[in-house]
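Raw coords_17.txt, compact mmCIF, C-alpha atoms:
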```
# COMPACT_ATOMS: atom_id res chain seq x y z
CA MET M 21 0.00 0.00 0.00
CA LYS M 22 1.49 3.30 -1.07
CA ALA M 23 1.11 6.59 0.78
CA GLY M 24 -0.02 8.25 -2.45
CA HIS M 25 -3.04 5.99 -2.61
CA TRP M 26 -4.15 7.16 0.81
CA LEU M 27 -3.78 10.77 -0.20
CA ILE M 28 -5.72 10.38 -3.44
CA GLY M 29 -8.35 8.32 -1.64
CA ALA M 30 -8.70 10.95 1.04
CA VAL M 31 -9.10 13.70 -1.55
CA MET M 32 -11.73 11.66 -3.38
CA LEU M 33 -13.52 10.98 -0.10
CA ALA M 34 -13.48 14.66 0.78
CA ALA M 35 -14.82 15.61 -2.65
CA TRP M 36 -17.51 12.95 -2.54
CA THR M 37 -18.82 13.95 0.85
CA THR M 38 -19.39 17.56 -0.19
CA GLY M 39 -22.08 16.31 -2.53
CA HIS M 40 -20.83 18.50 -5.37
CA ALA M 41 -20.08 17.14 -8.81
CA ARG M 42 -16.47 17.33 -9.90
CA ALA M 43 -15.16 17.16 -13.41
CA GLU M 44 -12.24 15.00 -14.29
CA GLU M 45 -10.57 14.19 -17.56
CA TRP M 46 -9.27 10.80 -18.66
CA GLN M 47 -5.75 10.91 -20.12
CA PRO M 48 -5.47 7.78 -22.28
CA GLY M 49 -2.62 7.50 -24.77
CA TYR M 50 -4.62 5.28 -27.12
CA VAL M 51 -8.31 5.65 -28.00
CA GLN M 52 -10.27 3.85 -30.66
CA ILE M 53 -13.85 3.18 -31.64
CA ALA M 54 -14.78 -0.29 -32.87
CA GLU M 55 -17.87 -0.49 -35.07
CA LEU M 56 -19.23 -4.03 -35.38
CA THR M 57 -22.14 -5.74 -37.01
CA VAL M 58 -23.28 -9.00 -35.42
CA ASP M 59 -25.43 -11.80 -36.84
CA PRO M 60 -28.86 -11.04 -35.28
CA ALA M 61 -29.50 -14.75 -34.65
CA GLN M 62 -26.37 -14.93 -32.47
CA LEU M 63 -26.68 -11.55 -30.77
CA GLU M 64 -27.32 -12.80 -27.22
CA ASN M 65 -24.41 -15.25 -27.41
CA TYR M 66 -22.23 -12.47 -28.76
CA LYS M 67 -23.16 -10.13 -25.91
CA ALA M 68 -22.40 -12.78 -23.28
CA ALA M 69 -18.93 -13.39 -24.73
CA ALA M 70 -18.26 -9.67 -25.04
CA ARG M 71 -19.34 -8.94 -21.46
CA GLU M 72 -17.05 -11.66 -20.12
CA GLN M 73 -14.12 -10.30 -22.12
CA ILE M 74 -14.71 -6.68 -21.03
CA ASP M 75 -15.12 -7.61 -17.37
CA THR M 76 -11.87 -9.60 -17.39
CA ALA M 77 -9.86 -7.01 -19.34
CA ILE M 78 -10.86 -4.17 -17.01
CA ARG M 79 -10.08 -6.21 -13.90
CA VAL M 80 -6.87 -7.93 -15.03
CA GLU M 81 -5.12 -5.59 -17.47
CA PRO M 82 -3.73 -2.47 -15.76
CA GLY M 83 -3.70 -0.33 -18.92
CA VAL M 84 -7.22 -1.08 -20.13
CA LEU M 85 -8.98 2.03 -18.81
CA ALA M 86 -12.46 1.71 -20.30
CA LEU M 87 -14.43 -0.46 -22.72
CA TYR M 88 -17.91 0.96 -23.32
CA MET M 89 -19.98 -1.35 -25.50
CA VAL M 90 -23.35 -0.10 -26.73
CA ALA M 91 -25.87 -1.12 -29.38
CA ASP M 92 -27.82 1.09 -31.75
CA LYS M 93 -31.29 1.19 -30.17
CA ASP M 94 -32.99 1.07 -33.57
CA ASN M 95 -30.70 -1.63 -34.92
CA PRO M 96 -29.37 -3.73 -32.02
CA SER M 97 -27.00 -5.80 -34.16
CA ARG M 98 -24.97 -2.63 -34.86
CA ILE M 99 -22.54 -2.26 -31.98
CA HIS M 100 -20.05 0.42 -30.99
CA VAL M 101 -17.21 0.08 -28.50
CA PHE M 102 -15.51 3.19 -27.14
CA GLU M 103 -12.06 2.01 -26.00
CA MET M 104 -9.47 3.81 -23.84
CA TYR M 105 -5.99 2.42 -23.10
CA THR M 106 -3.00 4.01 -21.39
CA ASP M 107 -0.88 3.62 -24.55
CA ILE M 108 -0.49 1.61 -27.76
CA ASP M 109 1.66 -1.07 -26.07
CA THR M 110 -1.17 -1.74 -23.62
CA TYR M 111 -3.52 -2.12 -26.56
CA LYS M 112 -1.15 -4.54 -28.31
CA ALA M 113 -0.82 -6.58 -25.11
CA HIS M 114 -4.63 -6.64 -24.82
CA LEU M 115 -4.85 -8.24 -28.27
CA GLU M 116 -2.54 -11.02 -27.06
CA ALA M 117 -4.30 -11.63 -23.72
CA ALA M 118 -5.87 -15.07 -23.23
CA HIS M 119 -9.36 -13.68 -22.50
CA PHE M 120 -9.29 -11.53 -25.62
CA LYS M 121 -8.14 -14.43 -27.82
CA LYS M 122 -10.91 -16.58 -26.36
CA TYR M 123 -13.46 -13.84 -27.16
CA LYS M 124 -12.15 -13.54 -30.73
CA THR M 125 -12.38 -17.29 -31.30
CA THR M 126 -15.83 -17.56 -29.72
CA THR M 127 -17.28 -14.64 -31.69
CA GLN M 128 -15.52 -15.26 -35.02
CA SER M 129 -18.66 -16.67 -36.65
CA MET M 130 -20.94 -14.06 -35.01
CA VAL M 131 -19.28 -10.82 -36.17
CA THR M 132 -20.16 -10.01 -39.78
CA SER M 133 -18.21 -6.74 -40.03
CA LEU M 134 -15.61 -4.90 -37.97
CA ASN M 135 -14.22 -1.40 -38.45
CA LEU M 136 -11.61 0.04 -36.09
CA VAL M 137 -11.16 3.83 -36.06
CA LEU M 138 -8.16 5.32 -34.25
CA MET M 139 -9.20 8.48 -32.42
CA THR M 140 -7.53 11.60 -31.03
CA PRO M 141 -9.09 12.89 -27.80
CA ILE M 142 -10.51 16.42 -27.88
CA MET M 143 -11.99 16.32 -24.41
CA LEU M 144 -12.84 13.29 -22.26
CA GLY M 145 -14.98 14.79 -19.54
CA ALA M 146 -16.61 12.66 -16.84
CA LYS M 147 -18.02 12.99 -13.38
CA THR M 148 -15.73 11.87 -10.61
CA LYS M 149 -17.46 8.80 -9.28
CA MET V 15 -23.98 15.85 3.50
CA LYS V 16 -25.67 12.50 3.30
CA ALA V 17 -24.62 9.37 5.15
CA GLY V 18 -24.62 7.45 1.88
CA HIS V 19 -21.87 9.63 0.53
CA TRP V 20 -19.65 8.75 3.46
CA LEU V 21 -20.29 5.08 2.94
CA ILE V 22 -19.55 5.14 -0.77
CA GLY V 23 -16.51 7.33 -0.18
CA ALA V 24 -15.21 4.96 2.46
CA VAL V 25 -15.67 1.97 0.16
CA MET V 26 -13.83 3.79 -2.64
CA LEU V 27 -11.05 4.74 -0.23
CA ALA V 28 -10.70 1.15 0.94
CA ALA V 29 -10.59 -0.10 -2.65
CA TRP V 30 -8.09 2.52 -3.72
CA THR V 31 -5.64 1.78 -0.96
CA THR V 32 -5.34 -1.87 -1.90
CA GLY V 33 -3.60 -0.78 -5.09
CA HIS V 34 -5.54 -3.30 -7.17
CA ALA V 35 -7.48 -2.36 -10.25
CA ARG V 36 -11.21 -2.63 -9.86
CA ALA V 37 -13.85 -2.82 -12.52
CA GLU V 38 -16.90 -0.69 -12.25
CA GLU V 39 -19.83 -0.22 -14.52
CA TRP V 40 -21.58 3.03 -15.32
CA GLN V 41 -25.37 2.86 -15.04
CA PRO V 42 -26.66 5.68 -17.23
CA GLY V 43 -30.30 5.74 -18.24
CA TYR V 44 -29.61 7.59 -21.48
CA VAL V 45 -26.67 7.02 -23.83
CA GLN V 46 -26.12 8.42 -27.28
CA ILE V 47 -23.36 8.87 -29.80
CA ALA V 48 -23.16 12.13 -31.73
CA GLU V 49 -21.36 11.98 -35.07
CA LEU V 50 -20.37 15.41 -36.37
CA THR V 51 -18.51 16.83 -39.32
CA VAL V 52 -16.90 20.23 -38.81
CA ASP V 53 -15.67 22.77 -41.34
CA PRO V 54 -11.88 22.11 -41.38
CA ALA V 55 -11.12 25.84 -41.55
CA GLN V 56 -12.99 26.38 -38.26
CA LEU V 57 -11.86 23.24 -36.46
CA GLU V 58 -9.77 24.89 -33.74
CA ASN V 59 -12.54 27.38 -32.93
CA TYR V 60 -15.02 24.52 -32.82
CA LYS V 61 -12.87 22.51 -30.41
CA ALA V 62 -12.47 25.49 -28.07
CA ALA V 63 -16.24 26.02 -27.91
CA ALA V 64 -16.86 22.31 -27.43
CA ARG V 65 -14.31 21.99 -24.63
CA GLU V 66 -15.86 24.91 -22.77
CA GLN V 67 -19.33 23.40 -23.11
CA ILE V 68 -18.21 19.94 -21.95
CA ASP V 69 -16.27 21.29 -18.98
CA THR V 70 -19.25 23.35 -17.81
CA ALA V 71 -21.83 20.61 -18.36
CA ILE V 72 -19.84 18.03 -16.36
CA ARG V 73 -19.24 20.45 -13.51
CA VAL V 74 -22.65 22.11 -13.32
CA GLU V 75 -25.23 19.54 -14.43
CA PRO V 76 -25.66 16.70 -11.91
CA GLY V 77 -27.01 14.19 -14.45
CA VAL V 78 -24.38 14.68 -17.17
CA LEU V 79 -22.13 11.71 -16.39
CA ALA V 80 -19.68 11.76 -19.27
CA LEU V 81 -19.04 13.55 -22.56
CA TYR V 82 -16.14 11.97 -24.44
CA MET V 83 -15.28 13.96 -27.58
CA VAL V 84 -12.76 12.46 -30.00
CA ALA V 85 -11.70 13.07 -33.60
CA ASP V 86 -10.91 10.54 -36.29
CA LYS V 87 -7.10 10.54 -36.39
CA ASP V 88 -7.07 10.20 -40.19
CA ASN V 89 -9.81 12.77 -40.72
CA PRO V 90 -9.79 15.23 -37.79
CA SER V 91 -12.90 17.10 -38.93
CA ARG V 92 -14.95 13.95 -38.27
CA ILE V 93 -15.86 13.98 -34.58
CA HIS V 94 -17.59 11.50 -32.29
CA VAL V 95 -19.05 12.23 -28.87
CA PHE V 96 -19.90 9.37 -26.53
CA GLU V 97 -22.52 10.77 -24.14
CA MET V 98 -23.86 9.33 -20.86
CA TYR V 99 -26.69 10.89 -18.85
CA THR V 100 -28.59 9.61 -15.82
CA ASP V 101 -31.89 9.69 -17.75
CA ILE V 102 -33.70 11.29 -20.68
CA ASP V 103 -34.96 14.21 -18.57
CA THR V 104 -31.37 15.09 -17.71
CA TYR V 105 -30.55 15.04 -21.40
CA LYS V 106 -33.51 17.30 -22.22
CA ALA V 107 -32.46 19.72 -19.47
CA HIS V 108 -28.92 19.71 -20.88
CA LEU V 109 -30.27 20.88 -24.25
CA GLU V 110 -31.90 23.85 -22.50
CA ALA V 111 -28.87 24.80 -20.35
CA ALA V 112 -27.35 28.24 -21.04
CA HIS V 113 -23.86 26.85 -21.75
CA PHE V 114 -25.24 24.33 -24.24
CA LYS V 115 -27.31 26.98 -26.05
CA LYS V 116 -24.23 29.21 -26.22
CA TYR V 117 -22.23 26.32 -27.72
CA LYS V 118 -24.97 25.62 -30.30
CA THR V 119 -25.11 29.27 -31.36
CA THR V 120 -21.32 29.63 -31.50
CA THR V 121 -20.80 26.46 -33.54
CA GLN V 122 -23.86 26.70 -35.81
CA SER V 123 -21.79 27.82 -38.81
CA MET V 124 -18.97 25.37 -38.03
CA VAL V 125 -20.87 22.06 -37.94
CA THR V 126 -21.63 20.79 -41.43
CA SER V 127 -23.41 17.56 -40.40
CA LEU V 128 -24.78 16.07 -37.19
CA ASN V 129 -26.14 12.58 -36.59
CA LEU V 130 -27.42 11.51 -33.17
CA VAL V 131 -27.69 7.77 -32.47
CA LEU V 132 -29.55 6.59 -29.37
CA MET V 133 -27.73 3.66 -27.80
CA THR V 134 -28.53 0.76 -25.46
CA PRO V 135 -25.68 -0.16 -23.10
CA ILE V 136 -24.33 -3.72 -23.36
CA MET V 137 -21.47 -3.21 -20.93
CA LEU V 138 -19.87 0.02 -19.76
CA GLY V 139 -16.71 -1.19 -18.11
CA ALA V 140 -14.12 1.20 -16.67
CA LYS V 141 -11.33 1.24 -14.17
CA THR V 142 -12.21 2.76 -10.85
CA LYS V 143 -10.12 5.91 -10.79
```
Would you put the structure from the file into structure tokens?
Amino acid sequence: MKAGHWLIGAVMLAAWTTGHARAEEWQPGYVQIAELTVDPAQLENYKAAAREQIDTAIRVEPGVLALYMVADKDNPSRIHVFEMYTDIDTYKAHLEAAHFKKYKTTTQSMVTSLNLVLMTPIMLGAKTK
Amino acid sequence: MKAGHWLIGAVMLAAWTTGHARAEEWQPGYVQIAELTVDPAQLENYKAAAREQIDTAIRVEPGVLALYMVADKDNPSRIHVFEMYTDIDTYKAHLEAAHFKKYKTTTQSMVTSLNLVLMTPIMLGAKTK
């Protein structure tokens, strides 16, 4: 346990208890958006595999900051993932991780199109939780 | 100051001090992606106005959880915003907020296309910061 963690924790605690919203900004070194289309007949199986992969990556991989997976409400087989990593090496390591390879194998026959778009952050504003 | 804030703060503090990454999941009631194209000649002015709007919205509006604005690295005038709100009423109130109206007026001549896509969360995984 590092002293810095106590300090940051204490600051967060103090901020939280005031009841006021605070802005923070993520500082990822690598951001991309994945645009996928999934076979509608396999959509629920796809989602289960994707949720397992995201949960594991966020818990196990230090540099995987956020994986936000959403579906177009009017066309649920069209899926977007907003992805934030600390840097490109973290992203490359993610692609080699066992849970990600398992997800890729499992979903290979479910994903009918995949487009990855590398992004430059303009502003990544979020509430401090 | 509510007792619940202390409890949540204490839990966050305890988690933080362990030094282990923790997964958390956002629970927004309203998520959308905005896809914009901006006049390249006015891109820097657009970004300045957008940053001001995002910073204010996150700080001032309790239900605006996150506004992540990014640009396509290969085509910087193509912009995506990943938006999370507590619910649709929060989103409607955001559209009526003074800072948002100012942003809309300022950027009216800069934005050449705007497409809003309502999204259903599948999994919104992020590191606990």
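Using all atoms listed in the file, the shortest contact distance between V:Lys87 and any of M:Leu138, M:Ala146, M:Thr110, M:Gln47 is found at M:Leu138.
Atom CA of M:Met143 sits 7.6 Å away from atom CA of V:Ile68.
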Taking (-9.1, -11.8, -25.3) in the file's coordinates, which residues come within 10 Å, counting all atoms listed in the file, written as a compact mmCIF listing (two decimals) with C-alpha atoms, keeping the file's coordinate frame?
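Output file part-v5.txt is given in full below:
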```
# COMPACT_ATOMS: atom_id res chain seq x y z
CA ALA M 69 -18.93 -13.39 -24.73
CA ALA M 70 -18.26 -9.67 -25.04
CA GLU M 72 -17.05 -11.66 -20.12
CA GLN M 73 -14.12 -10.30 -22.12
CA ILE M 74 -14.71 -6.68 -21.03
CA THR M 76 -11.87 -9.60 -17.39
CA ALA M 77 -9.86 -7.01 -19.34
CA ALA M 113 -0.82 -6.58 -25.11
CA HIS M 114 -4.63 -6.64 -24.82
CA LEU M 115 -4.85 -8.24 -28.27
CA GLU M 116 -2.54 -11.02 -27.06
CA ALA M 117 -4.30 -11.63 -23.72
CA ALA M 118 -5.87 -15.07 -23.23
CA HIS M 119 -9.36 -13.68 -22.50
CA PHE M 120 -9.29 -11.53 -25.62
CA LYS M 121 -8.14 -14.43 -27.82
CA LYS M 122 -10.91 -16.58 -26.36
CA TYR M 123 -13.46 -13.84 -27.16
CA LYS M 124 -12.15 -13.54 -30.73
CA THR M 125 -12.38 -17.29 -31.30
CA THR M 126 -15.83 -17.56 -29.72
```
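Between atom CA of V:Leu130 and atom CA of M:Leu85 the interatomic distance comes to 25.2 Å.
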Worksheet, complete the sentence: Judged by all atoms listed in the file, the minimum distance to M:Ala86 among M:Lys67, M:Leu144, M:Val137, M:Gln128 is found for M:Leu144
Cα-based least-squares overlay of chain V on chain M, as a compact mmCIF listing (two decimals) with C-alpha atoms, keeping the file's coordinate frame:
```txt
# COMPACT_ATOMS: atom_id res chain seq x y z
CA MET V 15 0.72 0.20 -0.88
CA LYS V 16 2.08 3.46 -2.15
CA ALA V 17 1.81 6.81 -0.42
CA GLY V 18 0.40 8.33 -3.60
CA HIS V 19 -2.60 6.07 -3.42
CA TRP V 20 -3.43 7.34 0.04
CA LEU V 21 -3.17 10.91 -1.13
CA ILE V 22 -5.37 10.43 -4.16
CA GLY V 23 -7.83 8.40 -2.12
CA ALA V 24 -7.99 11.09 0.53
CA VAL V 25 -8.60 13.78 -2.09
CA MET V 26 -11.39 11.69 -3.65
CA LEU V 27 -12.90 11.09 -0.21
CA ALA V 28 -12.83 14.81 0.57
CA ALA V 29 -14.45 15.62 -2.77
CA TRP V 30 -17.09 12.96 -2.40
CA THR V 31 -18.20 14.08 1.02
CA THR V 32 -18.96 17.60 -0.13
CA GLY V 33 -21.84 16.18 -2.16
CA HIS V 34 -21.00 18.39 -5.14
CA ALA V 35 -20.48 17.04 -8.61
CA ARG V 36 -16.93 17.27 -9.84
CA ALA V 37 -15.63 17.08 -13.35
CA GLU V 38 -12.69 14.92 -14.12
CA GLU V 39 -10.95 14.12 -17.32
CA TRP V 40 -9.60 10.75 -18.39
CA GLN V 41 -6.04 10.86 -19.72
CA PRO V 42 -5.69 7.77 -21.90
CA GLY V 43 -2.79 7.51 -24.31
CA TYR V 44 -4.71 5.30 -26.73
CA VAL V 45 -8.37 5.66 -27.71
CA GLN V 46 -10.26 3.88 -30.43
CA ILE V 47 -13.80 3.20 -31.51
CA ALA V 48 -14.70 -0.26 -32.79
CA GLU V 49 -17.72 -0.46 -35.07
CA LEU V 50 -19.06 -4.00 -35.44
CA THR V 51 -21.94 -5.71 -37.16
CA VAL V 52 -23.10 -8.99 -35.64
CA ASP V 53 -25.20 -11.78 -37.11
CA PRO V 54 -28.68 -11.04 -35.66
CA ALA V 55 -29.34 -14.74 -35.06
CA GLN V 56 -26.26 -14.94 -32.80
CA LEU V 57 -26.63 -11.58 -31.08
CA GLU V 58 -27.37 -12.84 -27.56
CA ASN V 59 -24.44 -15.29 -27.68
CA TYR V 60 -22.22 -12.49 -28.95
CA LYS V 61 -23.23 -10.16 -26.12
CA ALA V 62 -22.55 -12.83 -23.49
CA ALA V 63 -19.04 -13.43 -24.84
CA ALA V 64 -18.37 -9.71 -25.10
CA ARG V 65 -19.55 -9.00 -21.56
CA GLU V 66 -17.29 -11.71 -20.17
CA GLN V 67 -14.31 -10.34 -22.09
CA ILE V 68 -14.94 -6.74 -20.99
CA ASP V 69 -15.45 -7.68 -17.35
CA THR V 70 -12.19 -9.66 -17.28
CA ALA V 71 -10.15 -7.07 -19.17
CA ILE V 72 -11.20 -4.22 -16.84
CA ARG V 73 -10.50 -6.27 -13.74
CA VAL V 74 -7.28 -7.98 -14.78
CA GLU V 75 -5.46 -5.62 -17.15
CA PRO V 76 -4.10 -2.51 -15.39
CA GLY V 77 -3.99 -0.35 -18.54
CA VAL V 78 -7.50 -1.10 -19.85
CA LEU V 79 -9.30 2.00 -18.56
CA ALA V 80 -12.72 1.66 -20.14
CA LEU V 81 -14.62 -0.49 -22.64
CA TYR V 82 -18.07 0.93 -23.32
CA MET V 83 -20.10 -1.40 -25.56
CA VAL V 84 -23.44 -0.13 -26.88
CA ALA V 85 -25.87 -1.14 -29.62
CA ASP V 86 -27.77 1.07 -32.02
CA LYS V 87 -31.28 1.15 -30.54
CA ASP V 88 -32.89 1.04 -34.00
CA ASN V 89 -30.54 -1.64 -35.31
CA PRO V 90 -29.28 -3.73 -32.36
CA SER V 91 -26.87 -5.80 -34.46
CA ARG V 92 -24.82 -2.64 -35.08
CA ILE V 93 -22.47 -2.26 -32.12
CA HIS V 94 -20.01 0.43 -31.06
CA VAL V 95 -17.25 0.08 -28.49
CA PHE V 96 -15.59 3.17 -27.07
CA GLU V 97 -12.18 2.00 -25.83
CA MET V 98 -9.64 3.79 -23.59
CA TYR V 99 -6.19 2.41 -22.76
CA THR V 100 -3.24 3.99 -20.96
CA ASP V 101 -1.04 3.60 -24.06
CA ILE V 102 -0.56 1.63 -27.27
CA ASP V 103 1.54 -1.05 -25.54
CA THR V 104 -1.35 -1.74 -23.18
CA TYR V 105 -3.62 -2.11 -26.17
CA LYS V 106 -1.20 -4.52 -27.87
CA ALA V 107 -0.96 -6.57 -24.67
CA HIS V 108 -4.76 -6.64 -24.48
CA LEU V 109 -4.89 -8.23 -27.94
CA GLU V 110 -2.61 -11.01 -26.69
CA ALA V 111 -4.45 -11.63 -23.38
CA ALA V 112 -6.02 -15.09 -22.97
CA HIS V 113 -9.53 -13.71 -22.33
CA PHE V 114 -9.37 -11.54 -25.45
CA LYS V 115 -8.17 -14.43 -27.63
CA LYS V 116 -10.98 -16.59 -26.24
CA TYR V 117 -13.50 -13.85 -27.11
CA LYS V 118 -12.09 -13.53 -30.66
CA THR V 119 -12.30 -17.28 -31.24
CA THR V 120 -15.80 -17.56 -29.76
CA THR V 121 -17.20 -14.64 -31.76
CA GLN V 122 -15.35 -15.23 -35.04
CA SER V 123 -18.44 -16.64 -36.76
CA MET V 124 -20.75 -14.05 -35.18
CA VAL V 125 -19.08 -10.80 -36.28
CA THR V 126 -19.86 -9.97 -39.89
CA SER V 127 -17.90 -6.68 -40.08
CA LEU V 128 -15.37 -4.86 -37.92
CA ASN V 129 -13.98 -1.36 -38.35
CA LEU V 130 -11.43 0.08 -35.92
CA VAL V 131 -11.00 3.87 -35.84
CA LEU V 132 -8.05 5.36 -33.95
CA MET V 133 -9.14 8.50 -32.13
CA THR V 134 -7.52 11.64 -30.68
CA PRO V 135 -9.17 12.90 -27.48
CA ILE V 136 -10.60 16.43 -27.58
CA MET V 137 -12.19 16.28 -24.14
CA LEU V 138 -13.07 13.26 -22.04
CA GLY V 139 -15.30 14.73 -19.39
CA ALA V 140 -16.99 12.59 -16.74
CA LYS V 141 -18.50 12.91 -13.32
CA THR V 142 -16.28 11.78 -10.51
CA LYS V 143 -18.08 8.71 -9.22
```
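The coordinates place atom CA of V:Ile47 at 8.2 Å from atom CA of V:Asn129.
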Worksheet item: What residues have an atom no more than 9 Å from (-7.9, 12.7, -20.4) in the file's own frame, counting only C-alpha atoms, and can you write them as a PyMOL selection string?
Response: chain M and resi 44-49+141-145
Fill in: Closest of V:Leu57, V:Met98, V:Val45, V:Leu81 to chain M - atom-to-atom distances counting all atoms listed in the file
V:Leu81
Can you patch up stretch 55-74 of chain V, filling it in to N, CA and C atoms, and show the result as a compact mmCIF listing (two decimals), in the coordinates of the input?
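rebuild11.txt written:
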```txt
# COMPACT_ATOMS: atom_id res chain seq x y z
N ALA V 55 -11.70 24.51 -41.76
CA ALA V 55 -11.12 25.84 -41.55
C ALA V 55 -11.47 26.41 -40.17
N GLN V 56 -12.53 25.86 -39.56
CA GLN V 56 -12.99 26.38 -38.26
C GLN V 56 -12.79 25.36 -37.13
N LEU V 57 -11.97 24.36 -37.39
CA LEU V 57 -11.86 23.24 -36.46
C LEU V 57 -11.35 23.66 -35.08
N GLU V 58 -10.32 24.50 -35.05
CA GLU V 58 -9.77 24.89 -33.74
C GLU V 58 -10.78 25.72 -32.94
N ASN V 59 -11.50 26.61 -33.62
CA ASN V 59 -12.54 27.38 -32.93
C ASN V 59 -13.66 26.46 -32.44
N TYR V 60 -13.99 25.47 -33.25
CA TYR V 60 -15.02 24.52 -32.82
C TYR V 60 -14.59 23.78 -31.56
N LYS V 61 -13.36 23.28 -31.56
CA LYS V 61 -12.87 22.51 -30.41
C LYS V 61 -12.88 23.36 -29.14
N ALA V 62 -12.49 24.62 -29.26
CA ALA V 62 -12.47 25.49 -28.07
C ALA V 62 -13.88 25.65 -27.50
N ALA V 63 -14.85 25.87 -28.37
CA ALA V 63 -16.24 26.02 -27.91
C ALA V 63 -16.76 24.72 -27.31
N ALA V 64 -16.40 23.61 -27.92
CA ALA V 64 -16.86 22.31 -27.43
C ALA V 64 -16.25 21.99 -26.07
N ARG V 65 -14.97 22.25 -25.92
CA ARG V 65 -14.31 21.99 -24.63
C ARG V 65 -14.95 22.80 -23.51
N GLU V 66 -15.24 24.05 -23.79
CA GLU V 66 -15.86 24.91 -22.77
C GLU V 66 -17.23 24.36 -22.37
N GLN V 67 -17.99 23.95 -23.37
CA GLN V 67 -19.33 23.40 -23.11
C GLN V 67 -19.25 22.12 -22.29
N ILE V 68 -18.34 21.22 -22.66
CA ILE V 68 -18.21 19.94 -21.95
C ILE V 68 -17.77 20.18 -20.51
N ASP V 69 -16.77 21.01 -20.34
CA ASP V 69 -16.27 21.29 -18.98
C ASP V 69 -17.39 21.82 -18.10
N THR V 70 -18.16 22.75 -18.61
CA THR V 70 -19.25 23.35 -17.81
C THR V 70 -20.34 22.32 -17.53
N ALA V 71 -20.74 21.58 -18.54
CA ALA V 71 -21.83 20.61 -18.36
C ALA V 71 -21.48 19.57 -17.29
N ILE V 72 -20.25 19.05 -17.34
CA ILE V 72 -19.84 18.03 -16.36
C ILE V 72 -19.81 18.62 -14.95
N ARG V 73 -19.35 19.85 -14.84
CA ARG V 73 -19.24 20.45 -13.51
C ARG V 73 -20.59 20.88 -12.94
N VAL V 74 -21.46 21.42 -13.80
CA VAL V 74 -22.65 22.11 -13.32
C VAL V 74 -23.90 21.23 -13.33
```
